[in-house]
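Colleague: Structure file start-v7.tsv (TSV, C-alpha atoms) is given on the next line.
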```tsv
chain	number	residue	atom	x	y	z
A	1	MET	CA	-40.82	-94.54	-108.48
A	2	MET	CA	-43.57	-93.07	-110.65
A	3	LEU	CA	-46.02	-93.31	-107.74
A	4	LYS	CA	-43.57	-91.50	-105.46
A	5	ASN	CA	-43.10	-88.74	-108.02
A	6	THR	CA	-46.85	-88.39	-108.43
A	7	LEU	CA	-47.37	-88.20	-104.67
A	8	PHE	CA	-44.58	-85.61	-104.41
A	9	LEU	CA	-46.17	-83.43	-107.11
A	10	VAL	CA	-49.58	-83.67	-105.45
A	11	LEU	CA	-48.04	-82.72	-102.09
A	12	LEU	CA	-46.12	-79.83	-103.68
A	13	MET	CA	-49.22	-78.47	-105.41
A	14	THR	CA	-51.20	-78.77	-102.18
A	15	LEU	CA	-48.53	-76.86	-100.25
A	16	LEU	CA	-48.34	-74.15	-102.91
A	17	THR	CA	-52.14	-73.81	-102.94
A	18	CYS	CA	-52.26	-73.64	-99.15
A	19	LYS	CA	-49.48	-71.05	-99.16
A	20	GLN	CA	-51.34	-68.91	-101.68
A	21	ASP	CA	-54.61	-69.25	-99.76
A	22	ASN	CA	-52.76	-68.32	-96.57
A	23	LYS	CA	-51.34	-65.20	-98.24
A	24	GLU	CA	-54.84	-64.16	-99.27
A	25	VAL	CA	-56.17	-64.74	-95.75
A	26	VAL	CA	-53.30	-62.76	-94.22
A	27	ALA	CA	-53.81	-59.94	-96.75
A	28	THR	CA	-57.53	-59.84	-95.99
A	29	GLU	CA	-56.91	-59.83	-92.24
A	30	SER	CA	-54.26	-57.09	-92.61
A	31	ALA	CA	-56.68	-54.94	-94.62
A	32	LYS	CA	-59.40	-55.49	-92.03
A	33	GLU	CA	-57.10	-54.52	-89.16
A	34	ILE	CA	-55.84	-51.40	-90.95
A	35	ILE	CA	-59.40	-50.27	-91.71
A	36	GLN	CA	-60.41	-50.84	-88.09
A	37	GLN	CA	-57.42	-48.79	-86.89
A	38	SER	CA	-58.32	-46.06	-89.36
A	39	ILE	CA	-61.93	-45.91	-88.14
A	40	LEU	CA	-60.68	-45.79	-84.54
A	41	ALA	CA	-58.33	-42.91	-85.37
A	42	ALA	CA	-61.22	-41.02	-86.98
A	43	GLY	CA	-63.49	-41.31	-83.96
A	44	GLY	CA	-64.40	-44.97	-83.55
A	45	ASN	CA	-67.76	-45.69	-81.97
A	46	VAL	CA	-68.52	-41.98	-81.58
A	47	PHE	CA	-69.85	-42.32	-85.14
A	48	ASP	CA	-72.26	-45.05	-84.06
A	49	TYR	CA	-74.03	-42.83	-81.53
A	50	SER	CA	-74.11	-39.32	-82.89
A	51	ASN	CA	-76.01	-36.48	-84.52
A	52	ILE	CA	-74.03	-34.77	-87.29
A	53	ASN	CA	-75.04	-31.59	-89.14
A	54	PHE	CA	-73.15	-29.94	-92.00
A	55	ASP	CA	-73.61	-27.90	-95.17
A	56	PHE	CA	-72.35	-28.93	-98.58
A	57	ARG	CA	-72.82	-26.74	-101.66
A	58	ASP	CA	-75.62	-24.72	-100.06
A	59	ILE	CA	-77.54	-27.83	-99.03
A	60	HIS	CA	-77.96	-28.87	-95.39
A	61	TYR	CA	-77.37	-32.46	-94.29
A	62	LYS	CA	-78.22	-34.18	-91.03
A	63	ALA	CA	-77.22	-37.66	-89.86
A	64	HIS	CA	-78.60	-39.49	-86.85
A	65	ARG	CA	-76.96	-42.80	-85.89
A	66	ASP	CA	-77.90	-44.82	-82.85
A	67	GLY	CA	-76.24	-48.23	-82.65
A	68	GLY	CA	-77.32	-49.60	-86.04
A	69	LYS	CA	-80.36	-47.40	-86.48
A	70	PHE	CA	-79.75	-44.48	-88.81
A	71	GLN	CA	-81.52	-41.59	-90.47
A	72	LEU	CA	-79.76	-39.55	-93.15
A	73	GLU	CA	-81.45	-36.32	-94.23
A	74	ARG	CA	-81.00	-33.64	-96.89
A	75	TYR	CA	-82.70	-30.22	-96.88
A	76	ILE	CA	-83.09	-28.34	-100.15
A	77	LYS	CA	-84.61	-24.86	-100.21
A	78	ASP	CA	-85.83	-23.08	-103.32
A	79	SER	CA	-88.06	-20.10	-104.04
A	80	VAL	CA	-91.21	-22.26	-104.09
A	81	SER	CA	-90.90	-24.82	-101.29
A	82	ASP	CA	-88.66	-26.71	-98.90
A	83	ILE	CA	-87.68	-30.28	-99.74
A	84	ARG	CA	-86.61	-32.79	-97.10
A	85	ASP	CA	-85.20	-36.15	-98.20
A	86	VAL	CA	-85.06	-38.91	-95.57
A	87	LEU	CA	-83.12	-42.17	-95.89
A	88	ASN	CA	-83.29	-44.61	-92.97
A	89	ASN	CA	-83.46	-48.31	-92.10
A	90	SER	CA	-87.00	-48.44	-93.54
A	91	GLY	CA	-86.18	-46.87	-96.91
A	92	PHE	CA	-86.42	-43.47	-98.59
A	93	GLU	CA	-89.06	-40.71	-98.47
A	94	ARG	CA	-89.27	-37.19	-99.87
A	95	PHE	CA	-91.30	-34.40	-98.29
A	96	GLN	CA	-92.16	-31.12	-99.99
A	97	SER	CA	-93.36	-28.42	-97.58
A	98	ASP	CA	-93.88	-31.27	-95.05
A	99	VAL	CA	-96.14	-33.20	-97.45
A	100	LYS	CA	-94.95	-36.64	-98.56
A	101	VAL	CA	-94.24	-36.87	-102.29
A	102	GLU	CA	-95.07	-40.07	-104.19
A	103	LEU	CA	-92.07	-41.11	-106.26
A	104	SER	CA	-91.37	-43.72	-108.92
A	105	ASP	CA	-88.97	-46.55	-108.04
A	106	SER	CA	-86.33	-45.05	-110.33
A	107	LEU	CA	-86.47	-41.68	-108.55
A	108	VAL	CA	-86.36	-43.38	-105.15
A	109	ALA	CA	-83.17	-45.16	-106.23
A	110	LEU	CA	-81.68	-41.95	-107.66
A	111	TYR	CA	-82.42	-39.75	-104.64
A	112	SER	CA	-81.40	-42.46	-102.17
A	113	ALA	CA	-78.02	-42.84	-103.86
A	114	SER	CA	-77.53	-39.07	-103.95
A	115	VAL	CA	-78.27	-38.62	-100.24
A	116	ASN	CA	-76.26	-41.65	-99.21
A	117	SER	CA	-73.23	-40.62	-101.29
A	118	VAL	CA	-72.72	-37.27	-99.55
A	119	HIS	CA	-73.19	-38.77	-96.09
A	120	TYR	CA	-70.92	-41.72	-96.98
A	121	PHE	CA	-68.00	-39.54	-98.05
A	122	SER	CA	-68.48	-37.11	-95.17
A	123	VAL	CA	-67.55	-39.66	-92.49
A	124	LEU	CA	-64.99	-41.87	-94.20
A	125	PRO	CA	-63.53	-44.30	-93.22
A	126	TYR	CA	-66.58	-45.03	-91.07
A	127	GLY	CA	-68.67	-47.80	-92.64
A	128	LEU	CA	-65.78	-49.64	-94.30
A	129	ASP	CA	-65.95	-52.41	-91.70
A	130	GLY	CA	-69.47	-53.45	-92.77
A	131	SER	CA	-70.38	-57.04	-93.58
A	132	ALA	CA	-71.02	-56.19	-97.26
A	133	VAL	CA	-67.56	-54.63	-97.65
A	134	TYR	CA	-64.70	-56.66	-99.14
A	135	LYS	CA	-61.18	-55.40	-98.38
A	136	ASP	CA	-57.95	-56.30	-100.21
A	137	TYR	CA	-54.51	-55.27	-99.01
A	138	LEU	CA	-52.46	-54.19	-102.03
A	139	GLY	CA	-49.23	-53.52	-100.15
A	140	THR	CA	-47.60	-50.14	-99.66
A	141	GLU	CA	-47.30	-47.28	-102.13
A	142	GLU	CA	-45.64	-43.89	-102.07
A	143	ILE	CA	-47.56	-40.71	-102.82
A	144	GLU	CA	-45.57	-37.48	-102.79
A	145	GLY	CA	-42.68	-39.24	-101.08
A	146	LYS	CA	-44.72	-40.74	-98.24
A	147	SER	CA	-45.45	-44.46	-97.87
A	148	TYR	CA	-49.06	-45.57	-97.37
A	149	HIS	CA	-51.04	-48.75	-96.83
A	150	LYS	CA	-53.02	-49.26	-100.04
A	151	ILE	CA	-56.37	-51.02	-99.70
A	152	LYS	CA	-58.93	-51.88	-102.34
A	153	VAL	CA	-62.60	-51.96	-101.30
A	154	THR	CA	-65.48	-53.58	-103.17
A	155	PHE	CA	-69.02	-54.45	-102.14
A	156	SER	CA	-71.20	-57.53	-102.26
A	157	GLU	CA	-74.38	-57.36	-104.32
A	158	ASP	CA	-76.36	-58.39	-101.25
A	159	GLY	CA	-76.22	-55.39	-98.94
A	160	GLY	CA	-73.85	-53.33	-101.08
A	161	GLY	CA	-76.47	-50.89	-102.37
A	162	GLU	CA	-77.41	-49.82	-105.87
A	163	ASP	CA	-73.80	-49.05	-106.78
A	164	PHE	CA	-72.27	-52.27	-105.45
A	165	GLU	CA	-70.09	-52.61	-108.57
A	166	ASP	CA	-68.15	-49.43	-107.74
A	167	GLU	CA	-64.56	-49.92	-106.61
A	168	PHE	CA	-62.58	-47.85	-104.13
A	169	LEU	CA	-58.93	-47.41	-103.24
A	170	TYR	CA	-57.74	-45.99	-99.92
A	171	TRP	CA	-54.25	-44.78	-99.04
A	172	ILE	CA	-53.91	-44.91	-95.26
A	173	ASP	CA	-51.08	-43.29	-93.29
A	174	GLN	CA	-48.88	-45.97	-91.74
A	175	VAL	CA	-48.49	-44.03	-88.49
A	176	SER	CA	-51.66	-41.96	-87.93
A	177	TYR	CA	-53.98	-44.28	-89.93
A	178	ASP	CA	-55.60	-41.24	-91.52
A	179	VAL	CA	-57.10	-41.62	-95.01
A	180	ASP	CA	-55.04	-39.05	-96.91
A	181	TYR	CA	-56.07	-40.12	-100.43
A	182	LEU	CA	-58.85	-42.16	-101.99
A	183	ALA	CA	-60.03	-43.07	-105.46
A	184	TYR	CA	-63.17	-44.65	-106.85
A	185	SER	CA	-64.77	-45.85	-110.04
A	186	TYR	CA	-68.42	-45.42	-110.92
A	187	GLU	CA	-70.67	-46.32	-113.81
A	188	GLU	CA	-71.63	-43.65	-116.34
A	189	ILE	CA	-73.98	-43.84	-119.31
A	190	ASP	CA	-71.09	-44.18	-121.76
A	191	GLY	CA	-68.72	-46.24	-119.59
A	192	MET	CA	-66.85	-45.92	-116.32
A	193	GLY	CA	-65.87	-42.72	-114.55
A	194	TYR	CA	-62.93	-42.31	-112.17
A	195	ARG	CA	-62.07	-39.86	-109.41
A	196	PHE	CA	-59.08	-39.34	-107.13
A	197	ARG	CA	-59.35	-37.30	-103.93
A	198	GLU	CA	-56.67	-35.61	-101.87
A	199	ALA	CA	-57.59	-34.75	-98.27
A	200	TYR	CA	-56.87	-31.30	-96.84
A	201	ASN	CA	-58.19	-29.09	-94.03
A	202	VAL	CA	-58.38	-32.15	-91.79
A	203	ARG	CA	-59.97	-31.33	-88.42
A	204	MET	CA	-61.53	-32.99	-85.40
A	205	VAL	CA	-65.00	-31.84	-84.41
A	206	ASN	CA	-66.16	-33.07	-81.00
A	207	GLY	CA	-64.23	-36.33	-81.35
A	208	LEU	CA	-64.81	-37.04	-85.06
A	209	ARG	CA	-62.41	-36.50	-87.97
A	210	PHE	CA	-63.55	-34.57	-91.05
A	211	ALA	CA	-61.66	-33.58	-94.19
A	212	ASP	CA	-62.16	-31.54	-97.33
A	213	TYR	CA	-60.89	-32.90	-100.64
A	214	ASN	CA	-59.33	-31.80	-103.89
A	215	ASN	CA	-61.27	-33.83	-106.44
A	216	TYR	CA	-59.31	-34.96	-109.53
A	217	LYS	CA	-60.07	-36.82	-112.75
A	218	PRO	CA	-57.66	-38.59	-115.14
A	219	THR	CA	-56.45	-36.68	-118.18
A	220	THR	CA	-56.38	-39.85	-120.28
A	221	SER	CA	-58.60	-42.91	-120.75
A	222	ASP	CA	-55.62	-45.27	-121.10
A	223	PHE	CA	-54.78	-46.28	-117.52
A	224	ASN	CA	-55.38	-48.87	-114.83
A	225	PHE	CA	-57.62	-47.93	-111.92
A	226	GLU	CA	-55.05	-49.08	-109.36
A	227	ASP	CA	-52.45	-46.72	-110.88
A	228	LEU	CA	-54.31	-43.49	-110.01
A	229	GLY	CA	-51.95	-42.78	-107.11
A	230	LEU	CA	-48.92	-43.07	-109.39
A	231	MET	CA	-50.67	-40.84	-111.92
A	232	PHE	CA	-51.20	-38.23	-109.21
A	233	ASN	CA	-47.46	-38.34	-108.50
A	234	LYS	CA	-46.77	-37.67	-112.18
A	235	ASP	CA	-49.28	-34.79	-112.47
A	236	LYS	CA	-51.48	-36.80	-114.82
A	237	LEU	CA	-54.68	-35.88	-113.00
A	238	GLU	CA	-56.75	-32.74	-113.52
A	239	LEU	CA	-58.31	-30.83	-110.61
A	240	LEU	CA	-62.04	-30.95	-111.21
A	241	SER	CA	-63.57	-29.50	-108.04
A	242	LYS	CA	-63.25	-29.10	-104.30
A	243	ILE	CA	-65.31	-31.04	-101.79
A	244	GLU	CA	-65.79	-28.79	-98.76
A	245	LEU	CA	-67.98	-29.39	-95.71
A	246	GLN	CA	-69.04	-26.31	-93.79
A	247	ASN	CA	-70.72	-25.53	-90.46
A	248	ILE	CA	-70.05	-29.02	-89.08
A	249	GLU	CA	-71.71	-29.81	-85.76
A	250	VAL	CA	-71.38	-33.08	-83.85
A	251	GLU	CA	-73.46	-34.18	-80.89
A	252	SER	CA	-72.33	-37.37	-79.17
A	253	LEU	CA	-75.18	-39.54	-77.88
A	254	ASN	CA	-72.96	-41.59	-75.57
```
Rewrite the structure from the file as structure tokens, please.

Modeller:
Amino acid sequence: MMLKNTLFLVLLMTLLTCKQDNKEVVATESAKEIIQQSILAAGGNVFDYSNINFDFRDIHYKAHRDGGKFQLERYIKDSVSDIRDVLNNSGFERFQSDVKVELSDSLVALYSASVNSVHYFSVLPYGLDGSAVYKDYLGTEEIEGKSYHKIKVTFSEDGGGEDFEDEFLYWIDQVSYDVDYLAYSYEEIDGMGYRFREAYNVRMVNGLRFADYNNYKPTTSDFNFEDLGLMFNKDKLELLSKIELQNIEVESLN
């Protein structure tokens, strides 16, 4: 009898473990499928073969993508010289009046992250299906009375960039698959910082979706990162700035 009971408990624990593992696999697959649908709704493979130009806060940005090859550029003009930052598959370079500038490793990391960040946010959700991206389906959540898929995104250390420890949340429309809201954490000198973004002025430019954002920060330090959407509903976020892309131009290379 004792042996039968032991075997039953082992079988039960195995089934429960398998069930839990299966839930995690299903959740991961659901998140992956939702992200893929969202990328498709935003333009799909048009992103992969395109030239994109836009202005952000009086700085010009240019992105060239050609089936895995990429070059992300930033142009800064001042009264003395023109600066061109270039981030591509080979690394980062800075040019001042067309002359290459020698930079320390710390500055290379800083400027690379700065250039990549603007380009990254400009084409979301493009890039969220990368091999270094981990996606977790957190179920559905209502924001301002509308139900969304809620997905958490993290990055692997290998291939996830300098800021691989940052975490992101995406609220994706259940019908259109548009990313209407997003949130992210990032490391500051004195701890972690948090932002919540609300999309507006959504438009399609030559087959690609772009959006501007209201950029919010929490009004308190006592909260859970995954509750930022609920905090937005309760007006517990403070409008910090607006993220607006101007003069967007898209050239499809297909």

Colleague: For a quick check of understanding, using all atoms listed in the file, which of A:Val179, A:Ile76, A:Ile248, A:Ile172 has the smallest distance to His60 in chain A?

Modeller: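 Ranking A:Val179, A:Ile76, A:Ile248, A:Ile172 by distance to His60 in chain A, first place goes to A:Ile76.
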
Colleague: Can you pull out the residues contacting Leu40 in chain A? Cut-off 9 Å, using all atoms listed in the file, and skip same-chain residues under 4 positions away; I want them as a PyMOL selection string.

Modeller: chain A and resi 35-36+44-45+126+177

Colleague: Write out as a VMD selection string each polymer residue whose atoms come within 8 Å of Gly43 in chain A, counting only C-alpha atoms; drop sequence neighbours fewer than 6 positions from it.

Modeller: chain A and resid 207 to 209

Colleague: Nearest residue to Lys146 in chain A out of A:Asp180, A:Glu238, A:Asp129, A:Asp98, using all atoms listed in the file?

Modeller: A:Asp180

Colleague: When you look at Ser81 in chain A with a cut-off of 12 Å (counting all atoms listed in the file), what residues show up, excluding the ones that are within fewer than 6 positions of it in the same chain? I need them as number ranges by chain.

Modeller: A: 75, 95-99

Colleague: Grab the CA of Leu182 in chain A to CA of Phe54 in chain A distance for me, in Å with one decimal place.

Modeller: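 Separation of CA of Leu182 in chain A and CA of Phe54 in chain A: 21.3 Å.
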
Colleague: In Å, with one decimal, what is the gap from CA of Leu87 in chain A to CA of Leu72 in chain A?

Modeller: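 Going from CA of Leu87 in chain A over to CA of Leu72 in chain A, I get 5.1 Å.
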
Colleague: With all atoms listed in the file as the counted atoms, please give the residues lying no more than 12 Å from Asp235 in chain A, apart from itself and same-chain residues fewer than 4 positions off, as a list in words.

Modeller: Ile143, Glu144, Tyr216, Lys217, Pro218, Thr219, Thr220, Leu228, Gly229, Leu230, Met231 and Leu239 of chain A

Colleague: Under the rule that only C-alpha atoms are counted, which of A:Ser147, A:Thr140, A:Thr154, A:Ser38 is the nearest residue to Val123 in chain A?

Modeller: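 Selected residue with least distance to Val123 in chain A: A:Ser38.
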
Colleague: Work out how far CA of Lys150 in chain A is from CA of Leu169 in chain A, in Å to one decimal.

Modeller: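 So the answer is 7.0 Å.
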
Colleague: So which residues touch Tyr194 in chain A within 10 Å, counting all atoms listed in the file, skipping near sequence neighbours fewer than 4 positions away, as a PyMOL selection string?

Modeller: chain A and resi 166-168+183-188+216-218+221+225+228

Colleague: Have a look at A:Asp136, A:Glu73, A:Glu33, A:Asp78 and name the one nearest to Tyr111 in chain A; count all atoms listed in the file.

Modeller: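 Under the stated criterion, the closest residue is A:Glu73.
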
Colleague: Using all atoms listed in the file - which residues lie no farther than 12 Å from the point (-58.7, -53.8, -93.0) in the file's frame? Write them as JSON, numbers by chain.

Modeller: {"A": [25, 26, 27, 28, 29, 30, 31, 32, 33, 34, 35, 36, 37, 38, 39, 40, 125, 126, 127, 128, 129, 130, 133, 134, 135, 136, 137, 138, 139, 149, 150, 151, 152, 153, 170, 171, 172, 177]}

Colleague: Just write the chosen residues, C-alpha atoms, as an mmCIF file, in the coordinates of the input.

Modeller:
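This went into out.cif:
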```
data_model
loop_
_atom_site.group_PDB
_atom_site.id
_atom_site.type_symbol
_atom_site.label_atom_id
_atom_site.label_comp_id
_atom_site.auth_asym_id
_atom_site.auth_seq_id
_atom_site.Cartn_x
_atom_site.Cartn_y
_atom_site.Cartn_z
ATOM 1 C CA VAL A 25 -56.170 -64.740 -95.750
ATOM 2 C CA VAL A 26 -53.300 -62.760 -94.220
ATOM 3 C CA ALA A 27 -53.810 -59.940 -96.750
ATOM 4 C CA THR A 28 -57.530 -59.840 -95.990
ATOM 5 C CA GLU A 29 -56.910 -59.830 -92.240
ATOM 6 C CA SER A 30 -54.260 -57.090 -92.610
ATOM 7 C CA ALA A 31 -56.680 -54.940 -94.620
ATOM 8 C CA LYS A 32 -59.400 -55.490 -92.030
ATOM 9 C CA GLU A 33 -57.100 -54.520 -89.160
ATOM 10 C CA ILE A 34 -55.840 -51.400 -90.950
ATOM 11 C CA ILE A 35 -59.400 -50.270 -91.710
ATOM 12 C CA GLN A 36 -60.410 -50.840 -88.090
ATOM 13 C CA GLN A 37 -57.420 -48.790 -86.890
ATOM 14 C CA SER A 38 -58.320 -46.060 -89.360
ATOM 15 C CA ILE A 39 -61.930 -45.910 -88.140
ATOM 16 C CA LEU A 40 -60.680 -45.790 -84.540
ATOM 17 C CA PRO A 125 -63.530 -44.300 -93.220
ATOM 18 C CA TYR A 126 -66.580 -45.030 -91.070
ATOM 19 C CA GLY A 127 -68.670 -47.800 -92.640
ATOM 20 C CA LEU A 128 -65.780 -49.640 -94.300
ATOM 21 C CA ASP A 129 -65.950 -52.410 -91.700
ATOM 22 C CA GLY A 130 -69.470 -53.450 -92.770
ATOM 23 C CA VAL A 133 -67.560 -54.630 -97.650
ATOM 24 C CA TYR A 134 -64.700 -56.660 -99.140
ATOM 25 C CA LYS A 135 -61.180 -55.400 -98.380
ATOM 26 C CA ASP A 136 -57.950 -56.300 -100.210
ATOM 27 C CA TYR A 137 -54.510 -55.270 -99.010
ATOM 28 C CA LEU A 138 -52.460 -54.190 -102.030
ATOM 29 C CA GLY A 139 -49.230 -53.520 -100.150
ATOM 30 C CA HIS A 149 -51.040 -48.750 -96.830
ATOM 31 C CA LYS A 150 -53.020 -49.260 -100.040
ATOM 32 C CA ILE A 151 -56.370 -51.020 -99.700
ATOM 33 C CA LYS A 152 -58.930 -51.880 -102.340
ATOM 34 C CA VAL A 153 -62.600 -51.960 -101.300
ATOM 35 C CA TYR A 170 -57.740 -45.990 -99.920
ATOM 36 C CA TRP A 171 -54.250 -44.780 -99.040
ATOM 37 C CA ILE A 172 -53.910 -44.910 -95.260
ATOM 38 C CA TYR A 177 -53.980 -44.280 -89.930
#
```
